[in-house]
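A.B. asks: Sharing a structure with you now.
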Amino acid sequence: MPYPTAAPATDRPPSPPHQELQSRLDLLARAHRVPGAQLAVHTGTHTLSVHTGTADALTGTPFTADTAVPLGSITKLGTAAAVLLLADDGDLDLEEPAAELLPELRSLPEVTVRHLLSHTAGLPTGPDSDSAAGATATRYLSAVCTAQHTLFPPGTGFSYSNAGYVAAGRLVSEVTGMTWQEAVRALLLEPLDIVPAFLGDAAPARPTAAGHALNTATGLVRPAHQNLAPVEAPAGALLASAEDLMALGRAVIGRSPVLPASAAALMRHPEPAADPGALADSWGLGLALFEQDGRMWCGHDGNAQGTSCHLRAEPDSGVVVAFTGNSGGATALWRDLAVDLVRLTGISVPTAPATARRGLAVPLPECAGTYRNGGTEYTVKLDGDGMPTLSVDGDCPIPLVCYPDLSCDLVDPATGRHEPGGRFHRDPATGAVDRLQISGRTARRTGTV
């Protein structure tokens, strides 16, 4: 049976939900100091699309429905979809060792293509963008993808890794003979009627938005510089609008002929070892998975410099919700807007993983120590009251609240607000705390403090 298709937004007269969504987006963007934002909702039968504000606070360029926003990590969803399309054509096998195509991974012969896409390869996240600015993919991967730097045996854990997607992008290039940008354009974006735009484009073929940062001293919002290294493009270089994200969301739930239903189902299938902690309830191939009311939503979140973008899709109902905002404050805007969606459209969209009741907070003195993920060091110390604090690369320590299941919250020192942070892990053989997972990234214990 054919799936319903929505008429173009310009062909639909404004409806009361559309008008109320527009009003709420306008109001929330002002409240959160977000220069511009877009929201696109496919209800399963029709589309609602609204936008507000400016694409660049300095020039005052209007934010339109077609404005493309730096998506950050949602780019990984596009890279994963391209890999699945190649696998569906028989050009590569998800279970084959990635080293068969990428000699840079020869010291990790057990890492498969599936491991790369699901963040279960045990790879560190990779160097920061400034350090990687002049690196080639070969040099980058040879330095990062070594047995010395692995966090756990492939397929036994989860650690969110940009390096894994640099490798996935290299696979796409090796198989197609094209650059990653050319391949994603030909395989995915143009078939979805998405006008391609990437960070670094000298002359983009469509209007684009700048990211923005708030200067707390002056109270002014100003454009932010995008510093993603070219080698990291498969992990974060795509720009798109909320309507583009909605089209991509429909593809990954099997509502578009561009991505075969079997490939979309593979992407949505939870990987057994993929426990993403505070990022999602589970993880598939390029997709974060969120449980809500007995249904499994899929999607991804992404932050570039001064942007916040979000995608959620539910395969049974066909509902897709996509949001883009061009400042860091847009994350809070997205959460508030999700609350309004329930009232205005009846759609309840998960913005965070479901949280189980974890009991009362407990002291966990055995967690104190140093932990490392690649070049990043996490230090957990006990304060004067015996409660743990977390410092990353020597930054100001943040209080941690730990629970009996070894999960932990990060506490905002200014407001006291708790945010899910991650969890500690025990060595199954010794029972000792040997790993820390914060915001989806796993770090191995390297010493005591």
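Letters A, B, ... mark the chains of the structure tokens in the order given; residue numbers begin at 1 per chain; ligand numbers begin at 1, in order shown.
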Can you pull out every residue within 9 Å of range 181-191 of chain A, counting only C-alpha atoms, but drop anything in the same chain fewer than 4 positions away, and send it as a PyMOL selection string?
C.D. replies: chain A and resi 78-79+81-82+85-86+172-173+176-177+195-196+198+233-234+238+244+248+258-259
A.B. asks: Where in range 234-267 of chain A does DSSP assign helix (DSSP H, G or I), given as a list in words?
C.D. replies: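 Selection result, helix (DSSP H, G or I) within range 234-267 of chain A: Pro234, Ala235, Gly236, Ala242, Glu243, Asp244, Leu245, Met246, Ala247, Leu248, Gly249, Arg250, Ala251, Val252, Ala261, Ser262, Ala263, Ala264, Ala265, Leu266 and Met267 of chain A.
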A.B. asks: Write out, as a compact mmCIF listing (two decimals), in the first residue's frame, the residues just selected, with N, CA, C and O atoms.
C.D. replies:
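Listed below is the output, selection36.txt:
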# COMPACT_ATOMS: atom_id res chain seq x y z
N PRO A 234 32.67 13.38 7.46
CA PRO A 234 31.63 12.36 7.58
C PRO A 234 30.97 12.30 8.96
O PRO A 234 29.93 11.67 9.12
N ALA A 235 31.59 12.94 9.94
CA ALA A 235 31.03 12.95 11.30
C ALA A 235 30.26 14.22 11.61
O ALA A 235 29.53 14.25 12.61
N GLY A 236 30.39 15.28 10.76
CA GLY A 236 29.71 16.51 11.16
C GLY A 236 29.64 17.66 10.20
O GLY A 236 29.40 18.78 10.62
N ALA A 242 15.13 21.93 8.49
CA ALA A 242 14.25 21.00 9.21
C ALA A 242 13.43 20.17 8.23
O ALA A 242 13.19 18.98 8.46
N GLU A 243 12.99 20.76 7.12
CA GLU A 243 12.23 19.98 6.13
C GLU A 243 13.11 18.91 5.48
O GLU A 243 12.64 17.81 5.17
N ASP A 244 14.40 19.22 5.27
CA ASP A 244 15.32 18.20 4.78
C ASP A 244 15.46 17.06 5.78
O ASP A 244 15.45 15.87 5.41
N LEU A 245 15.60 17.42 7.06
CA LEU A 245 15.71 16.39 8.09
C LEU A 245 14.45 15.54 8.15
O LEU A 245 14.51 14.33 8.39
N MET A 246 13.31 16.17 7.93
CA MET A 246 12.06 15.41 7.92
C MET A 246 12.07 14.38 6.80
O MET A 246 11.66 13.22 6.98
N ALA A 247 12.59 14.74 5.63
CA ALA A 247 12.69 13.79 4.52
C ALA A 247 13.64 12.65 4.87
O ALA A 247 13.36 11.47 4.56
N LEU A 248 14.75 12.97 5.53
CA LEU A 248 15.68 11.93 5.95
C LEU A 248 15.04 11.03 7.01
O LEU A 248 15.21 9.80 6.99
N GLY A 249 14.28 11.65 7.92
CA GLY A 249 13.58 10.86 8.93
C GLY A 249 12.57 9.90 8.32
O GLY A 249 12.43 8.75 8.75
N ARG A 250 11.85 10.33 7.30
CA ARG A 250 10.90 9.44 6.64
C ARG A 250 11.62 8.28 5.96
O ARG A 250 11.11 7.17 5.90
N ALA A 251 12.84 8.56 5.47
CA ALA A 251 13.60 7.49 4.83
C ALA A 251 14.00 6.41 5.84
O ALA A 251 13.89 5.21 5.55
N VAL A 252 14.46 6.81 7.02
CA VAL A 252 14.96 5.81 7.98
C VAL A 252 13.83 5.05 8.67
O VAL A 252 14.10 4.06 9.37
N ALA A 261 13.34 -0.56 2.57
CA ALA A 261 12.78 -0.82 3.90
C ALA A 261 13.66 -1.76 4.71
O ALA A 261 13.79 -1.61 5.93
N SER A 262 14.28 -2.73 4.05
CA SER A 262 15.15 -3.67 4.77
C SER A 262 16.37 -2.97 5.33
O SER A 262 16.80 -3.25 6.46
N ALA A 263 16.94 -2.02 4.58
CA ALA A 263 18.09 -1.26 5.07
C ALA A 263 17.69 -0.35 6.21
O ALA A 263 18.41 -0.22 7.21
N ALA A 264 16.52 0.29 6.09
CA ALA A 264 16.04 1.15 7.16
C ALA A 264 15.81 0.35 8.44
O ALA A 264 16.13 0.81 9.54
N ALA A 265 15.26 -0.85 8.30
CA ALA A 265 15.01 -1.70 9.47
C ALA A 265 16.32 -2.10 10.14
O ALA A 265 16.41 -2.16 11.38
N LEU A 266 17.36 -2.36 9.35
CA LEU A 266 18.68 -2.67 9.93
C LEU A 266 19.21 -1.50 10.73
O LEU A 266 19.78 -1.68 11.81
N MET A 267 19.03 -0.30 10.22
CA MET A 267 19.50 0.88 10.93
C MET A 267 18.80 1.04 12.27
O MET A 267 19.41 1.47 13.26
A.B. asks: Can you work out the spacing between CA of Glu366 in chain A and CA of Val433 in chain A in Å, to one decimal?
C.D. replies: 7.0 Å
A.B. asks: Taking only C-alpha atoms into account, name the residue in A:Val380, A:Ala338, A:Ala209, A:Leu77 that is nearest to Ala40 in chain A.
C.D. replies: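 Comparing A:Val380, A:Ala338, A:Ala209, A:Leu77 against Ala40 in chain A, the winner is A:Ala338.
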A.B. asks: Show me a table, sorted first by chain and then by increasing residue number, of the residues of range 215-287 of chain A having an atom at most 7 Å from range 126-144 of chain A, each with its shortest atom pair and the distance in Å to one decimal, counting only C-alpha atoms and written as CSV.
C.D. replies:
residue,atom,partner,partner_atom,distance
A:Asn227,CA,A:Ser129,CA,6.4
A:Leu228,CA,A:Ser129,CA,5.3
A:Ala229,CA,A:Ala133,CA,4.5
A:Pro230,CA,A:Ala133,CA,6.7
A:Val231,CA,A:Ala137,CA,5.6
A.B. asks: Quick one: write out the picked residues with all heavy atoms as a PDB file, in the first residue's frame?
C.D. replies:
ATOM      1  N   ASN A 227      34.736  25.232  13.196  1.00  0.00           N
ATOM      2  CA  ASN A 227      36.130  24.796  13.150  1.00  0.00           C
ATOM      3  C   ASN A 227      36.286  23.301  12.877  1.00  0.00           C
ATOM      4  O   ASN A 227      37.345  22.730  13.140  1.00  0.00           O
ATOM      5  CB  ASN A 227      36.831  25.144  14.467  1.00  0.00           C
ATOM      6  CG  ASN A 227      36.290  24.340  15.649  1.00  0.00           C
ATOM      7  OD1 ASN A 227      35.194  23.786  15.586  1.00  0.00           O
ATOM      8  ND2 ASN A 227      37.058  24.281  16.723  1.00  0.00           N
ATOM      9  N   LEU A 228      35.243  22.657  12.359  1.00  0.00           N
ATOM     10  CA  LEU A 228      35.348  21.230  12.066  1.00  0.00           C
ATOM     11  C   LEU A 228      36.479  20.986  11.073  1.00  0.00           C
ATOM     12  O   LEU A 228      36.552  21.638  10.025  1.00  0.00           O
ATOM     13  CB  LEU A 228      34.032  20.694  11.490  1.00  0.00           C
ATOM     14  CG  LEU A 228      33.964  19.178  11.304  1.00  0.00           C
ATOM     15  CD1 LEU A 228      33.667  18.504  12.637  1.00  0.00           C
ATOM     16  CD2 LEU A 228      32.893  18.809  10.286  1.00  0.00           C
ATOM     17  N   ALA A 229      37.361  20.058  11.393  1.00  0.00           N
ATOM     18  CA  ALA A 229      38.461  19.730  10.485  1.00  0.00           C
ATOM     19  C   ALA A 229      37.910  19.040   9.242  1.00  0.00           C
ATOM     20  O   ALA A 229      36.969  18.234   9.340  1.00  0.00           O
ATOM     21  CB  ALA A 229      39.465  18.820  11.180  1.00  0.00           C
ATOM     22  N   PRO A 230      38.457  19.314   8.060  1.00  0.00           N
ATOM     23  CA  PRO A 230      37.955  18.661   6.841  1.00  0.00           C
ATOM     24  C   PRO A 230      37.916  17.143   6.931  1.00  0.00           C
ATOM     25  O   PRO A 230      36.999  16.520   6.399  1.00  0.00           O
ATOM     26  CB  PRO A 230      38.947  19.141   5.771  1.00  0.00           C
ATOM     27  CG  PRO A 230      39.416  20.474   6.266  1.00  0.00           C
ATOM     28  CD  PRO A 230      39.484  20.328   7.756  1.00  0.00           C
ATOM     29  N   VAL A 231      38.890  16.548   7.621  1.00  0.00           N
ATOM     30  CA  VAL A 231      38.924  15.092   7.719  1.00  0.00           C
ATOM     31  C   VAL A 231      37.720  14.550   8.495  1.00  0.00           C
ATOM     32  O   VAL A 231      37.318  13.400   8.317  1.00  0.00           O
ATOM     33  CB  VAL A 231      40.249  14.641   8.387  1.00  0.00           C
ATOM     34  CG1 VAL A 231      40.263  14.999   9.870  1.00  0.00           C
ATOM     35  CG2 VAL A 231      40.477  13.153   8.200  1.00  0.00           C
TER      36      VAL A 231
END
A.B. asks: With distances taken over only C-alpha atoms, which of A:Asp281, A:Asp316, A:Asp56, A:Asp383 is nearest to Val221 in chain A?
C.D. replies: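 Smallest distance to Val221 in chain A is found for A:Asp56.
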A.B. asks: Taking the backbone alone, and naming residues the way the document does, which bits of range 47-269 of chain A are strand (DSSP E or B) by DSSP, as a ChimeraX atom specification?
C.D. replies: /A:47-54,62,68-70,97,112,198,208,212-214,221-223,238-240
A.B. asks: Restrict the selected residues to N, CA and C atoms and save them as a PDB file, in the first residue's frame.
C.D. replies:
ATOM      1  N   THR A  47       1.985  17.605   6.658  1.00  0.00           N
ATOM      2  CA  THR A  47       3.172  18.285   7.151  1.00  0.00           C
ATOM      3  C   THR A  47       2.835  19.662   7.707  1.00  0.00           C
ATOM      4  N   LEU A  48       3.453  19.981   8.836  1.00  0.00           N
ATOM      5  CA  LEU A  48       3.441  21.324   9.397  1.00  0.00           C
ATOM      6  C   LEU A  48       4.873  21.830   9.378  1.00  0.00           C
ATOM      7  N   SER A  49       5.096  23.041   8.888  1.00  0.00           N
ATOM      8  CA  SER A  49       6.448  23.586   8.806  1.00  0.00           C
ATOM      9  C   SER A  49       6.421  25.066   9.162  1.00  0.00           C
ATOM     10  N   VAL A  50       7.248  25.451  10.145  1.00  0.00           N
ATOM     11  CA  VAL A  50       7.322  26.841  10.568  1.00  0.00           C
ATOM     12  C   VAL A  50       8.796  27.222  10.757  1.00  0.00           C
ATOM     13  N   HIS A  51       9.068  28.518  10.653  1.00  0.00           N
ATOM     14  CA  HIS A  51      10.424  29.012  10.865  1.00  0.00           C
ATOM     15  C   HIS A  51      10.339  30.427  11.393  1.00  0.00           C
ATOM     16  N   THR A  52      11.456  30.898  11.964  1.00  0.00           N
ATOM     17  CA  THR A  52      11.432  32.221  12.579  1.00  0.00           C
ATOM     18  C   THR A  52      12.818  32.831  12.584  1.00  0.00           C
ATOM     19  N   GLY A  53      12.886  34.157  12.599  1.00  0.00           N
ATOM     20  CA  GLY A  53      14.107  34.850  12.912  1.00  0.00           C
ATOM     21  C   GLY A  53      15.072  35.059  11.774  1.00  0.00           C
ATOM     22  N   THR A  54      16.359  35.173  12.142  1.00  0.00           N
ATOM     23  CA  THR A  54      17.409  35.503  11.199  1.00  0.00           C
ATOM     24  C   THR A  54      18.445  34.401  11.125  1.00  0.00           C
ATOM     25  N   PRO A  62      17.169  36.874   6.603  1.00  0.00           N
ATOM     26  CA  PRO A  62      16.021  36.129   7.143  1.00  0.00           C
ATOM     27  C   PRO A  62      16.261  34.616   7.158  1.00  0.00           C
ATOM     28  N   ALA A  68      19.741  26.268   5.221  1.00  0.00           N
ATOM     29  CA  ALA A  68      20.444  25.072   5.685  1.00  0.00           C
ATOM     30  C   ALA A  68      21.301  25.421   6.895  1.00  0.00           C
ATOM     31  N   VAL A  69      21.206  24.593   7.936  1.00  0.00           N
ATOM     32  CA  VAL A  69      21.869  24.829   9.218  1.00  0.00           C
ATOM     33  C   VAL A  69      22.951  23.769   9.418  1.00  0.00           C
ATOM     34  N   PRO A  70      24.115  24.126   9.945  1.00  0.00           N
ATOM     35  CA  PRO A  70      25.112  23.102  10.286  1.00  0.00           C
ATOM     36  C   PRO A  70      24.535  22.091  11.273  1.00  0.00           C
ATOM     37  N   PRO A  97      35.529  -7.317   8.181  1.00  0.00           N
ATOM     38  CA  PRO A  97      36.469  -6.445   8.897  1.00  0.00           C
ATOM     39  C   PRO A  97      36.715  -5.165   8.099  1.00  0.00           C
ATOM     40  N   THR A 112      34.465  -4.491  12.686  1.00  0.00           N
ATOM     41  CA  THR A 112      33.682  -4.636  11.463  1.00  0.00           C
ATOM     42  C   THR A 112      33.028  -3.310  11.074  1.00  0.00           C
ATOM     43  N   PHE A 198      27.555  21.683   2.527  1.00  0.00           N
ATOM     44  CA  PHE A 198      28.537  21.156   3.467  1.00  0.00           C
ATOM     45  C   PHE A 198      29.361  22.295   4.038  1.00  0.00           C
ATOM     46  N   THR A 208      22.346  29.578   3.752  1.00  0.00           N
ATOM     47  CA  THR A 208      22.841  28.857   4.923  1.00  0.00           C
ATOM     48  C   THR A 208      22.800  29.763   6.147  1.00  0.00           C
ATOM     49  N   HIS A 212      25.598  30.602  16.396  1.00  0.00           N
ATOM     50  CA  HIS A 212      25.769  31.794  17.218  1.00  0.00           C
ATOM     51  C   HIS A 212      26.093  31.420  18.652  1.00  0.00           C
ATOM     52  N   ALA A 213      26.825  32.317  19.299  1.00  0.00           N
ATOM     53  CA  ALA A 213      27.151  32.164  20.713  1.00  0.00           C
ATOM     54  C   ALA A 213      26.742  33.430  21.450  1.00  0.00           C
ATOM     55  N   LEU A 214      26.355  33.259  22.704  1.00  0.00           N
ATOM     56  CA  LEU A 214      25.949  34.389  23.542  1.00  0.00           C
ATOM     57  C   LEU A 214      27.151  34.884  24.331  1.00  0.00           C
ATOM     58  N   VAL A 221      24.420  38.353  21.021  1.00  0.00           N
ATOM     59  CA  VAL A 221      24.555  37.091  20.300  1.00  0.00           C
ATOM     60  C   VAL A 221      25.318  37.370  19.017  1.00  0.00           C
ATOM     61  N   ARG A 222      26.410  36.632  18.799  1.00  0.00           N
ATOM     62  CA  ARG A 222      27.243  36.869  17.632  1.00  0.00           C
ATOM     63  C   ARG A 222      27.550  35.549  16.919  1.00  0.00           C
ATOM     64  N   PRO A 223      27.768  35.617  15.588  1.00  0.00           N
ATOM     65  CA  PRO A 223      28.082  34.391  14.841  1.00  0.00           C
ATOM     66  C   PRO A 223      29.328  33.689  15.380  1.00  0.00           C
ATOM     67  N   LEU A 238      27.562  18.182   7.383  1.00  0.00           N
ATOM     68  CA  LEU A 238      26.362  18.401   6.583  1.00  0.00           C
ATOM     69  C   LEU A 238      25.549  19.581   7.106  1.00  0.00           C
ATOM     70  N   LEU A 239      24.982  20.352   6.177  1.00  0.00           N
ATOM     71  CA  LEU A 239      24.014  21.402   6.489  1.00  0.00           C
ATOM     72  C   LEU A 239      22.671  21.008   5.880  1.00  0.00           C
ATOM     73  N   ALA A 240      21.585  21.296   6.592  1.00  0.00           N
ATOM     74  CA  ALA A 240      20.256  20.972   6.071  1.00  0.00           C
ATOM     75  C   ALA A 240      19.212  21.779   6.825  1.00  0.00           C
TER      76      ALA A 240
END
A.B. asks: Let me make sure I understand: among A:Ala163, A:Ala332, A:Ala278, A:Val34, which one has the smallest atom-to-atom distance to Pro420 in chain A if we use only C-alpha atoms?
C.D. replies: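 Among the listed residues, A:Ala278 lies closest to Pro420 in chain A.
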A.B. asks: Which residue out of A:Pro363, A:Pro428, A:Gly325, A:Pro397 has the minimum interatomic distance to Leu39 in chain A when only C-alpha atoms are used?
C.D. replies: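 Of the candidates, the smallest distance to Leu39 in chain A is held by A:Gly325.
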A.B. asks: Neighbours of Trp283 in chain A within 9 Å (only C-alpha atoms; same-chain residues fewer than 3 positions away dropped), as number ranges by chain?
C.D. replies: A: 118-119, 158, 267-276, 280, 286-290, 298
A.B. asks: Neighbouring residues of Arg372 in chain A were defined as those with any atom within 10 Å, considering only C-alpha atoms; residues of the same chain fewer than 4 positions away were excluded. Please report them as a list in words.
C.D. replies: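 The filter keeps Pro124, His149, Leu151, Thr376, Glu377, Tyr378, Thr379, Val392, Asp393, Arg435, Leu436, Thr442, Ala443, Arg444, Arg445, Thr446 and Gly447 of chain A.
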A.B. asks: Counting only C-alpha atoms, which residue out of A:Gly375, A:Gly328, A:Pro350, A:Gly72 sits closest to Met296 in chain A?
C.D. replies: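 The closest residue to Met296 in chain A is A:Pro350.
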A.B. asks: Can you list every residue of range 264-304 of chain A that has an atom at most 12 Å from range 320-324 of chain A, with its nearest atom pair and the distance in Å to one decimal, using only C-alpha atoms, ordered by chain then number, as a tab-separated table?
C.D. replies:
residue	atom	partner	partner_atom	distance
A:Trp297	CA	A:Val320	CA	9.3
A:Cys298	CA	A:Val320	CA	9.4
A:Gly299	CA	A:Val320	CA	9.2
A:His300	CA	A:Ala322	CA	9.9
A:Asp301	CA	A:Phe323	CA	9.6
A:Gly302	CA	A:Thr324	CA	9.3
A:Asn303	CA	A:Thr324	CA	9.8
A:Ala304	CA	A:Thr324	CA	11.1
A.B. asks: Calculate how many Å separate CA of Thr61 in chain A from CA of Arg335 in chain A, rounding to one decimal.
C.D. replies: 25.7 Å
A.B. asks: Just how far from CA of Phe152 in chain A is CA of Asp405 in chain A, in Å to one decimal?
C.D. replies: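 Separation between CA of Asp405 in chain A and CA of Phe152 in chain A: 20.4 Å.
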A.B. asks: Could you pull the residues within 8 Å of Pro315 in chain A, counting only C-alpha atoms, minus those fewer than 3 positions along the same chain, as number ranges by chain?
C.D. replies: A: 253-254, 297, 318-319
A.B. asks: Could you save the residues just selected, with N, CA, C and O atoms, as an mmCIF file, in the first residue's frame?
C.D. replies:
data_model
loop_
_atom_site.group_PDB
_atom_site.id
_atom_site.type_symbol
_atom_site.label_atom_id
_atom_site.label_comp_id
_atom_site.auth_asym_id
_atom_site.auth_seq_id
_atom_site.Cartn_x
_atom_site.Cartn_y
_atom_site.Cartn_z
ATOM 1 N N ILE A 253 12.578 5.477 8.492
ATOM 2 C CA ILE A 253 11.469 4.663 9.013
ATOM 3 C C ILE A 253 10.733 3.949 7.873
ATOM 4 O O ILE A 253 9.605 3.484 8.043
ATOM 5 N N GLY A 254 11.380 3.862 6.719
ATOM 6 C CA GLY A 254 10.820 3.077 5.618
ATOM 7 C C GLY A 254 9.710 3.743 4.858
ATOM 8 O O GLY A 254 8.926 3.062 4.187
ATOM 9 N N TRP A 297 11.197 5.143 19.130
ATOM 10 C CA TRP A 297 11.508 6.238 18.223
ATOM 11 C C TRP A 297 12.978 6.153 17.828
ATOM 12 O O TRP A 297 13.797 5.614 18.566
ATOM 13 N N GLY A 318 4.468 6.773 11.450
ATOM 14 C CA GLY A 318 4.998 7.623 10.397
ATOM 15 C C GLY A 318 5.266 9.045 10.838
ATOM 16 O O GLY A 318 5.585 9.908 10.015
ATOM 17 N N VAL A 319 5.172 9.320 12.143
ATOM 18 C CA VAL A 319 5.407 10.669 12.652
ATOM 19 C C VAL A 319 6.902 10.988 12.612
ATOM 20 O O VAL A 319 7.737 10.180 13.022
#
